[in-house]
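Raw contents of input03.txt, compact mmCIF, N, CA and C atoms:
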# COMPACT_ATOMS: atom_id res chain seq x y z
N MET A 1 96.55 88.66 131.25
CA MET A 1 97.78 88.38 130.55
C MET A 1 98.96 88.44 131.51
N ASN A 2 99.60 87.36 131.72
CA ASN A 2 100.80 87.34 132.54
C ASN A 2 102.01 87.13 131.66
N ARG A 3 103.03 87.93 131.89
CA ARG A 3 104.26 87.81 131.15
C ARG A 3 105.13 86.74 131.79
N LYS A 4 105.68 85.83 131.01
CA LYS A 4 106.47 84.75 131.56
C LYS A 4 107.95 85.08 131.61
N GLN A 5 108.40 86.02 130.81
CA GLN A 5 109.81 86.37 130.77
C GLN A 5 110.05 87.68 131.52
N ILE A 6 111.15 87.73 132.22
CA ILE A 6 111.52 88.97 132.90
C ILE A 6 112.16 89.93 131.90
N ILE A 7 113.00 89.42 131.01
CA ILE A 7 113.67 90.27 130.03
C ILE A 7 112.88 90.20 128.73
N VAL A 8 112.11 91.27 128.46
CA VAL A 8 111.29 91.31 127.26
C VAL A 8 111.79 92.35 126.26
N HIS A 9 112.52 93.32 126.73
CA HIS A 9 113.08 94.36 125.85
C HIS A 9 114.53 94.54 126.28
N ARG A 10 115.39 93.69 125.76
CA ARG A 10 116.77 93.55 126.23
C ARG A 10 117.52 94.89 126.27
N THR A 11 117.46 95.66 125.20
CA THR A 11 118.23 96.91 125.13
C THR A 11 117.81 97.88 126.22
N PHE A 12 116.51 98.09 126.35
CA PHE A 12 116.00 99.03 127.36
C PHE A 12 116.33 98.55 128.76
N GLN A 13 116.07 97.28 129.03
CA GLN A 13 116.24 96.78 130.39
C GLN A 13 117.69 96.76 130.84
N PHE A 14 118.61 96.37 129.97
CA PHE A 14 120.01 96.36 130.37
C PHE A 14 120.55 97.78 130.51
N SER A 15 120.12 98.70 129.66
CA SER A 15 120.54 100.09 129.80
C SER A 15 120.03 100.67 131.11
N PHE A 16 118.76 100.38 131.43
CA PHE A 16 118.17 100.86 132.68
C PHE A 16 118.91 100.28 133.88
N ALA A 17 119.16 98.97 133.86
CA ALA A 17 119.82 98.32 134.99
C ALA A 17 121.24 98.84 135.18
N LEU A 18 121.98 99.01 134.10
CA LEU A 18 123.35 99.51 134.22
C LEU A 18 123.38 100.95 134.71
N ALA A 19 122.46 101.77 134.24
CA ALA A 19 122.40 103.15 134.72
C ALA A 19 122.03 103.20 136.21
N PHE A 20 121.12 102.33 136.62
CA PHE A 20 120.69 102.25 138.02
C PHE A 20 121.87 101.88 138.92
N VAL A 21 122.58 100.83 138.55
CA VAL A 21 123.71 100.36 139.35
C VAL A 21 124.84 101.38 139.33
N GLN A 22 125.09 101.95 138.17
CA GLN A 22 126.15 102.95 138.05
C GLN A 22 125.86 104.16 138.93
N GLY A 23 124.64 104.62 138.94
CA GLY A 23 124.27 105.75 139.78
C GLY A 23 124.47 105.45 141.26
N LEU A 24 124.04 104.27 141.69
CA LEU A 24 124.21 103.92 143.09
C LEU A 24 125.68 103.74 143.47
N PHE A 25 126.46 103.19 142.55
CA PHE A 25 127.89 103.04 142.83
C PHE A 25 128.56 104.41 143.01
N PHE A 26 128.20 105.36 142.17
CA PHE A 26 128.84 106.66 142.29
C PHE A 26 128.39 107.40 143.54
N VAL A 27 127.20 107.10 144.01
CA VAL A 27 126.72 107.75 145.22
C VAL A 27 127.37 107.15 146.46
N VAL A 28 127.65 105.84 146.41
CA VAL A 28 128.17 105.15 147.60
C VAL A 28 129.64 104.78 147.48
N LEU A 29 130.03 104.24 146.35
CA LEU A 29 131.39 103.72 146.23
C LEU A 29 132.45 104.82 146.16
N VAL A 30 132.18 105.87 145.44
CA VAL A 30 133.17 106.95 145.31
C VAL A 30 133.44 107.61 146.66
N PRO A 31 132.41 107.97 147.45
CA PRO A 31 132.73 108.52 148.78
C PRO A 31 133.49 107.53 149.67
N THR A 32 133.17 106.23 149.56
CA THR A 32 133.89 105.23 150.34
C THR A 32 135.36 105.18 149.93
N ALA A 33 135.61 105.19 148.63
CA ALA A 33 136.99 105.17 148.14
C ALA A 33 137.75 106.43 148.57
N LEU A 34 137.07 107.57 148.53
CA LEU A 34 137.72 108.80 148.98
C LEU A 34 138.05 108.74 150.46
N PHE A 35 137.13 108.19 151.23
CA PHE A 35 137.38 108.06 152.67
C PHE A 35 138.58 107.17 152.94
N LEU A 36 138.64 106.01 152.25
CA LEU A 36 139.77 105.12 152.44
C LEU A 36 141.08 105.76 151.98
N SER A 37 141.01 106.53 150.90
CA SER A 37 142.22 107.21 150.41
C SER A 37 142.71 108.24 151.43
N LEU A 38 141.77 109.00 151.98
CA LEU A 38 142.16 109.99 153.00
C LEU A 38 142.70 109.30 154.25
N LEU A 39 142.12 108.16 154.58
CA LEU A 39 142.61 107.41 155.73
C LEU A 39 144.04 106.92 155.47
N TYR A 40 144.29 106.47 154.26
CA TYR A 40 145.62 106.00 153.90
C TYR A 40 146.63 107.15 153.91
N ILE A 41 146.21 108.30 153.37
CA ILE A 41 147.10 109.46 153.36
C ILE A 41 147.35 109.93 154.79
N GLY A 42 146.34 109.80 155.62
CA GLY A 42 146.48 110.23 157.01
C GLY A 42 147.45 109.39 157.81
N GLN A 43 147.83 108.23 157.26
CA GLN A 43 148.78 107.38 157.98
C GLN A 43 150.18 107.98 158.01
N ALA A 44 150.43 108.96 157.22
CA ALA A 44 151.78 109.53 157.14
C ALA A 44 152.06 110.50 158.28
N ILE A 45 151.30 110.41 159.33
CA ILE A 45 151.53 111.27 160.48
C ILE A 45 152.90 110.93 161.09
N PRO A 46 153.71 111.93 161.31
CA PRO A 46 155.08 111.67 161.78
C PRO A 46 155.17 111.01 163.15
N ASN A 47 154.11 111.05 163.93
CA ASN A 47 154.16 110.48 165.28
C ASN A 47 154.08 108.95 165.28
N LEU A 48 153.70 108.34 164.15
CA LEU A 48 153.58 106.89 164.10
C LEU A 48 154.93 106.25 163.84
N THR A 49 155.11 105.09 164.44
CA THR A 49 156.34 104.34 164.19
C THR A 49 156.20 103.60 162.86
N LEU A 50 157.30 103.10 162.36
CA LEU A 50 157.29 102.35 161.10
C LEU A 50 156.41 101.10 161.23
N PHE A 51 156.46 100.45 162.37
CA PHE A 51 155.63 99.27 162.61
C PHE A 51 154.13 99.63 162.54
N GLN A 52 153.76 100.74 163.16
CA GLN A 52 152.37 101.17 163.15
C GLN A 52 151.91 101.54 161.74
N ILE A 53 152.77 102.18 160.97
CA ILE A 53 152.42 102.55 159.60
C ILE A 53 152.21 101.30 158.75
N ASN A 54 153.08 100.30 158.91
CA ASN A 54 152.93 99.05 158.17
C ASN A 54 151.65 98.32 158.56
N ALA A 55 151.36 98.28 159.85
CA ALA A 55 150.13 97.62 160.32
C ALA A 55 148.90 98.34 159.78
N LEU A 56 148.93 99.67 159.79
CA LEU A 56 147.80 100.44 159.26
C LEU A 56 147.63 100.20 157.77
N SER A 57 148.72 100.15 157.05
CA SER A 57 148.67 99.91 155.61
C SER A 57 148.09 98.52 155.31
N GLU A 58 148.50 97.51 156.05
CA GLU A 58 147.95 96.17 155.85
C GLU A 58 146.46 96.14 156.18
N GLY A 59 146.07 96.80 157.23
CA GLY A 59 144.65 96.85 157.61
C GLY A 59 143.80 97.53 156.56
N ILE A 60 144.30 98.62 156.00
CA ILE A 60 143.56 99.32 154.96
C ILE A 60 143.45 98.45 153.71
N GLY A 61 144.51 97.71 153.39
CA GLY A 61 144.46 96.81 152.25
C GLY A 61 143.40 95.73 152.43
N LYS A 62 143.31 95.16 153.63
CA LYS A 62 142.29 94.15 153.91
C LYS A 62 140.89 94.74 153.81
N ILE A 63 140.73 95.93 154.35
CA ILE A 63 139.42 96.60 154.26
C ILE A 63 139.05 96.86 152.81
N PHE A 64 140.03 97.27 152.00
CA PHE A 64 139.76 97.54 150.59
C PHE A 64 139.25 96.29 149.88
N TRP A 65 139.94 95.15 150.04
CA TRP A 65 139.54 93.93 149.35
C TRP A 65 138.18 93.43 149.86
N MET A 66 137.95 93.55 151.15
CA MET A 66 136.66 93.14 151.70
C MET A 66 135.55 94.02 151.13
N ALA A 67 135.79 95.32 151.08
CA ALA A 67 134.79 96.25 150.53
C ALA A 67 134.56 95.98 149.05
N LEU A 68 135.61 95.65 148.33
CA LEU A 68 135.47 95.36 146.91
C LEU A 68 134.58 94.14 146.68
N PHE A 69 134.80 93.07 147.42
CA PHE A 69 133.97 91.87 147.26
C PHE A 69 132.53 92.12 147.69
N ILE A 70 132.35 92.89 148.74
CA ILE A 70 130.98 93.22 149.17
C ILE A 70 130.28 94.03 148.09
N TRP A 71 130.98 95.01 147.51
CA TRP A 71 130.36 95.85 146.49
C TRP A 71 130.08 95.09 145.20
N LEU A 72 130.90 94.09 144.89
CA LEU A 72 130.60 93.26 143.72
C LEU A 72 129.30 92.48 143.95
N GLY A 73 129.14 91.95 145.14
CA GLY A 73 127.90 91.24 145.48
C GLY A 73 126.70 92.17 145.48
N VAL A 74 126.87 93.33 146.09
CA VAL A 74 125.79 94.32 146.12
C VAL A 74 125.46 94.76 144.70
N GLY A 75 126.47 94.95 143.87
CA GLY A 75 126.25 95.37 142.49
C GLY A 75 125.45 94.34 141.71
N LEU A 76 125.74 93.07 141.92
CA LEU A 76 124.98 92.02 141.25
C LEU A 76 123.53 92.01 141.71
N VAL A 77 123.31 92.13 142.99
CA VAL A 77 121.94 92.17 143.52
C VAL A 77 121.20 93.39 142.99
N LEU A 78 121.86 94.54 142.95
CA LEU A 78 121.22 95.76 142.43
C LEU A 78 120.91 95.63 140.95
N PHE A 79 121.79 94.98 140.20
CA PHE A 79 121.55 94.78 138.78
C PHE A 79 120.30 93.91 138.57
N LEU A 80 120.20 92.83 139.32
CA LEU A 80 119.02 91.96 139.21
C LEU A 80 117.75 92.68 139.65
N LEU A 81 117.85 93.49 140.70
CA LEU A 81 116.71 94.28 141.15
C LEU A 81 116.29 95.28 140.08
N ALA A 82 117.25 95.92 139.45
CA ALA A 82 116.93 96.88 138.39
C ALA A 82 116.29 96.20 137.19
N LEU A 83 116.73 94.99 136.85
CA LEU A 83 116.07 94.24 135.77
C LEU A 83 114.62 93.97 136.12
N ARG A 84 114.39 93.61 137.35
CA ARG A 84 113.02 93.33 137.80
C ARG A 84 112.17 94.60 137.77
N LEU A 85 112.73 95.71 138.21
CA LEU A 85 111.99 96.97 138.21
C LEU A 85 111.69 97.45 136.78
N SER A 86 112.63 97.24 135.88
CA SER A 86 112.43 97.70 134.51
C SER A 86 111.40 96.86 133.77
N HIS A 87 111.08 95.70 134.30
CA HIS A 87 110.11 94.80 133.68
C HIS A 87 108.75 95.47 133.51
N ARG A 88 108.37 96.31 134.46
CA ARG A 88 107.06 96.99 134.39
C ARG A 88 106.98 97.99 133.24
N TYR A 89 108.13 98.49 132.81
CA TYR A 89 108.15 99.44 131.70
C TYR A 89 108.51 98.78 130.38
N ALA A 90 109.34 97.76 130.45
CA ALA A 90 109.82 97.14 129.21
C ALA A 90 108.71 96.40 128.47
N GLY A 91 107.84 95.73 129.19
CA GLY A 91 106.74 95.00 128.54
C GLY A 91 105.83 95.93 127.74
N PRO A 92 105.33 96.99 128.36
CA PRO A 92 104.50 97.93 127.60
C PRO A 92 105.24 98.59 126.44
N LEU A 93 106.53 98.92 126.65
CA LEU A 93 107.29 99.52 125.56
C LEU A 93 107.43 98.55 124.39
N LYS A 94 107.67 97.29 124.69
CA LYS A 94 107.79 96.28 123.65
C LYS A 94 106.47 96.11 122.91
N ARG A 95 105.37 96.08 123.64
CA ARG A 95 104.06 95.94 123.02
C ARG A 95 103.73 97.16 122.14
N LEU A 96 104.03 98.38 122.64
CA LEU A 96 103.81 99.59 121.83
C LEU A 96 104.69 99.58 120.59
N GLU A 97 105.93 99.14 120.75
CA GLU A 97 106.85 99.09 119.63
C GLU A 97 106.36 98.11 118.55
N SER A 98 105.93 96.93 118.96
CA SER A 98 105.45 95.96 117.97
C SER A 98 104.14 96.43 117.34
N TRP A 99 103.29 97.07 118.11
CA TRP A 99 102.03 97.59 117.57
C TRP A 99 102.32 98.66 116.51
N CYS A 100 103.25 99.58 116.82
CA CYS A 100 103.61 100.64 115.86
C CYS A 100 104.25 100.06 114.61
N THR A 101 105.07 99.03 114.77
CA THR A 101 105.72 98.39 113.62
C THR A 101 104.68 97.80 112.68
N VAL A 102 103.70 97.10 113.23
CA VAL A 102 102.64 96.51 112.40
C VAL A 102 101.82 97.61 111.74
N ARG A 103 101.51 98.63 112.50
CA ARG A 103 100.69 99.75 111.99
C ARG A 103 101.41 100.48 110.86
N LEU A 104 102.70 100.75 111.03
CA LEU A 104 103.44 101.48 110.01
C LEU A 104 103.72 100.64 108.76
N SER A 105 103.74 99.33 108.92
CA SER A 105 103.95 98.48 107.75
C SER A 105 102.65 98.23 106.98
N GLY A 106 101.58 98.85 107.42
CA GLY A 106 100.31 98.76 106.71
C GLY A 106 99.39 97.66 107.19
N GLY A 107 99.77 96.97 108.25
CA GLY A 107 98.93 95.90 108.78
C GLY A 107 97.75 96.45 109.56
N LYS A 108 96.75 95.61 109.71
CA LYS A 108 95.56 96.00 110.47
C LYS A 108 95.84 95.79 111.95
N THR A 109 95.54 96.79 112.72
CA THR A 109 95.73 96.70 114.17
C THR A 109 94.47 97.17 114.86
N GLY A 110 94.22 96.58 115.99
CA GLY A 110 93.15 97.05 116.85
C GLY A 110 93.72 98.09 117.79
N PRO A 111 93.02 98.39 118.84
CA PRO A 111 93.56 99.33 119.82
C PRO A 111 94.73 98.71 120.58
N VAL A 112 95.56 99.56 121.12
CA VAL A 112 96.68 99.10 121.94
C VAL A 112 96.11 98.60 123.26
N VAL A 113 96.45 97.37 123.62
CA VAL A 113 95.96 96.78 124.86
C VAL A 113 97.16 96.40 125.72
N LEU A 114 97.16 96.91 126.94
CA LEU A 114 98.21 96.58 127.90
C LEU A 114 97.58 95.93 129.12
N ARG A 115 98.40 95.29 129.92
CA ARG A 115 97.90 94.69 131.17
C ARG A 115 97.49 95.80 132.12
N THR A 116 96.53 95.52 132.96
CA THR A 116 96.03 96.55 133.87
C THR A 116 97.07 96.98 134.90
N GLY A 117 98.02 96.13 135.25
CA GLY A 117 99.03 96.49 136.24
C GLY A 117 100.20 97.27 135.67
N ASP A 118 100.30 97.38 134.35
CA ASP A 118 101.43 98.09 133.74
C ASP A 118 101.30 99.59 133.97
N ASP A 119 102.44 100.24 134.02
CA ASP A 119 102.46 101.67 134.32
C ASP A 119 102.08 102.56 133.14
N MET A 120 102.02 102.01 131.94
CA MET A 120 101.77 102.84 130.75
C MET A 120 100.36 102.65 130.18
N VAL A 121 99.42 102.16 131.00
CA VAL A 121 98.05 101.95 130.53
C VAL A 121 97.44 103.27 130.08
N THR A 122 97.67 104.34 130.82
CA THR A 122 97.14 105.66 130.45
C THR A 122 97.72 106.11 129.12
N THR A 123 98.99 105.88 128.89
CA THR A 123 99.61 106.25 127.61
C THR A 123 98.97 105.51 126.46
N ALA A 124 98.71 104.23 126.65
CA ALA A 124 98.06 103.43 125.60
C ALA A 124 96.65 103.94 125.34
N GLN A 125 95.92 104.29 126.38
CA GLN A 125 94.57 104.82 126.21
C GLN A 125 94.60 106.14 125.45
N LEU A 126 95.56 107.01 125.77
CA LEU A 126 95.68 108.28 125.06
C LEU A 126 96.04 108.07 123.60
N LEU A 127 96.90 107.11 123.32
CA LEU A 127 97.26 106.78 121.94
C LEU A 127 96.05 106.28 121.18
N ASN A 128 95.26 105.43 121.80
CA ASN A 128 94.04 104.94 121.16
C ASN A 128 93.05 106.07 120.88
N GLN A 129 92.91 106.99 121.84
CA GLN A 129 92.00 108.13 121.64
C GLN A 129 92.50 109.03 120.51
N ALA A 130 93.80 109.26 120.45
CA ALA A 130 94.35 110.10 119.38
C ALA A 130 94.12 109.45 118.02
N LEU A 131 94.29 108.14 117.92
CA LEU A 131 94.08 107.45 116.64
C LEU A 131 92.60 107.44 116.27
N ASP A 132 91.73 107.28 117.25
CA ASP A 132 90.30 107.31 116.98
C ASP A 132 89.86 108.68 116.46
N SER A 133 90.42 109.75 117.03
CA SER A 133 90.04 111.10 116.58
C SER A 133 90.59 111.38 115.20
N ASP A 134 91.76 110.79 114.84
CA ASP A 134 92.32 110.99 113.50
C ASP A 134 91.52 110.23 112.45
N LEU A 135 90.95 109.10 112.82
CA LEU A 135 90.20 108.28 111.87
C LEU A 135 88.81 108.86 111.58
N LYS A 136 88.31 109.71 112.46
CA LYS A 136 86.96 110.29 112.27
C LYS A 136 86.98 111.49 111.39

I need this file expressed as structure tokens, please.
Amino acid sequence: MNRKQIIVHRTFQFSFALAFVQGLFFVVLVPTALFLSLLYIGQAIPNLTLFQINALSEGIGKIFWMALFIWLGVGLVLFLLALRLSHRYAGPLKRLESWCTVRLSGGKTGPVVLRTGDDMVTTAQLLNQALDSDLK
């Protein structure tokens, strides 16, 4: 069984991807912003001339905009990577969710079957064993 869609469980996958990107941004972007802020504050050294302070301020502004555009690109790439990574969990979760929905609505279901490469195959096997022991 090969899945043709990358996004199979929209809510889970987008939440996962946003949390992934948000975590990486706070680990990298916040320290970078603090560093640039300290660099900007450090420009107020009395030994600098007005010309040097203006040049430093313009340079920091250019660095800020360049860093912002780079981080937007990196953020997009990380978001797409996180969607791809969540695919291994979203497919099995969606299959378990639909199986439980059919089961709870009184429909006939067989055992839960997942692809061999999915990370939740053991969970599905344990669920099948638990249901088999309850039926006996």

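Closest approach to Leu96 (chain A) among A:Ala124, A:Ile53, A:Leu81, A:Val74: A:Ala124, based on all atoms listed in the file.
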
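Neighbouring residues of region 13-21 of chain A at 6 Å or closer, counting only C-alpha atoms and skipping chain neighbours under 5 positions away, are Phe79, Ala82, Leu83 and Ser86 of chain A.
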
How would the residues just chosen look if you wrote them out with N, CA and C atoms as a short mmCIF file (atom, residue, chain, number, x, y, z; two decimals), in the frame of the given file?
data_model
loop_
_atom_site.label_atom_id
_atom_site.label_comp_id
_atom_site.auth_asym_id
_atom_site.auth_seq_id
_atom_site.Cartn_x
_atom_site.Cartn_y
_atom_site.Cartn_z
N PHE A 79 121.79 94.98 140.20
CA PHE A 79 121.55 94.78 138.78
C PHE A 79 120.30 93.91 138.57
N ALA A 82 117.25 95.92 139.45
CA ALA A 82 116.93 96.88 138.39
C ALA A 82 116.29 96.20 137.19
N LEU A 83 116.73 94.99 136.85
CA LEU A 83 116.07 94.24 135.77
C LEU A 83 114.62 93.97 136.12
N SER A 86 112.63 97.24 135.88
CA SER A 86 112.43 97.70 134.51
C SER A 86 111.40 96.86 133.77
#

- Task: Name the residues of chain A that come out as helix (DSSP H, G or I) in a backbone DSSP run; write them as a PyMOL selection string.
- Result: chain A and resi 10-44+50-104+121-135

- Gap from atom C of Leu39 (chain A) to CA of Lys62 (chain A) - Å, one decimal: 13.0 Å

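Across A:Ser37, A:Thr49, A:Thr11, A:Asn128, the tightest approach to Gly110 (chain A) is made by A:Asn128 when counting all atoms listed in the file.
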
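In terms of minimum interatomic distance to Trp71 (chain A), A:Phe26 ranks closest within A:Gln52, A:Phe26, A:Trp99, A:His87, counting only C-alpha atoms.
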
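Rounded to one decimal, atom N of Leu93 (chain A) and CA of Asp119 (chain A) lie 9.1 Å from each other.
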
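Using only N, CA and C atoms, the contacts of Pro92 (chain A) at a cut-off of 8 Å, with sequence neighbours closer than 3 positions omitted, comprise His87, Arg88, Tyr89, Arg95, Leu96, Glu97, Ser98, Val113, Leu114, Arg115, Asp118, Asp119, Met120 and Val121 of chain A.
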
List as an mmCIF file with N, CA and C atoms, in the frame of the given file the residues having at least one atom at most 6 Å from position (133.3, 100.1, 149.6) as given in the file, counting all atoms listed in the file.
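Wrote result_17.cif, looks like this:
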data_model
loop_
_atom_site.group_PDB
_atom_site.id
_atom_site.type_symbol
_atom_site.label_atom_id
_atom_site.label_comp_id
_atom_site.auth_asym_id
_atom_site.auth_seq_id
_atom_site.Cartn_x
_atom_site.Cartn_y
_atom_site.Cartn_z
ATOM 1 N N LEU A 29 130.030 104.240 146.350
ATOM 2 C CA LEU A 29 131.390 103.720 146.230
ATOM 3 C C LEU A 29 132.450 104.820 146.160
ATOM 4 N N THR A 32 133.170 106.230 149.560
ATOM 5 C CA THR A 32 133.890 105.230 150.340
ATOM 6 C C THR A 32 135.360 105.180 149.930
ATOM 7 N N ALA A 33 135.610 105.190 148.630
ATOM 8 C CA ALA A 33 136.990 105.170 148.140
ATOM 9 C C ALA A 33 137.750 106.430 148.570
ATOM 10 N N ALA A 67 135.790 95.320 151.080
ATOM 11 C CA ALA A 67 134.790 96.250 150.530
ATOM 12 C C ALA A 67 134.560 95.980 149.050
ATOM 13 N N LEU A 68 135.610 95.650 148.330
ATOM 14 C CA LEU A 68 135.470 95.360 146.910
ATOM 15 C C LEU A 68 134.580 94.140 146.680
ATOM 16 N N TRP A 71 130.980 95.010 147.510
ATOM 17 C CA TRP A 71 130.360 95.850 146.490
ATOM 18 C C TRP A 71 130.080 95.090 145.200
#

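Across the model, the gap from atom N of Asp132 (chain A) to atom C of Gly117 (chain A) is 22.6 Å.
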
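Closest approach to Gly23 (chain A) among A:Ile6, A:Gly75, A:Leu36, A:Met66: A:Gly75, based on only C-alpha atoms.
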
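With distances restricted to all atoms listed in the file, A:Val112 is the closest residue to Leu127 (chain A) from A:Leu50, A:Val112, A:Leu80, A:Ile70.
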
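The closest residue to Arg84 (chain A), picked from A:Val27, A:Leu38, A:Ala55, A:Ile7 and counting all atoms listed in the file, is A:Ile7.
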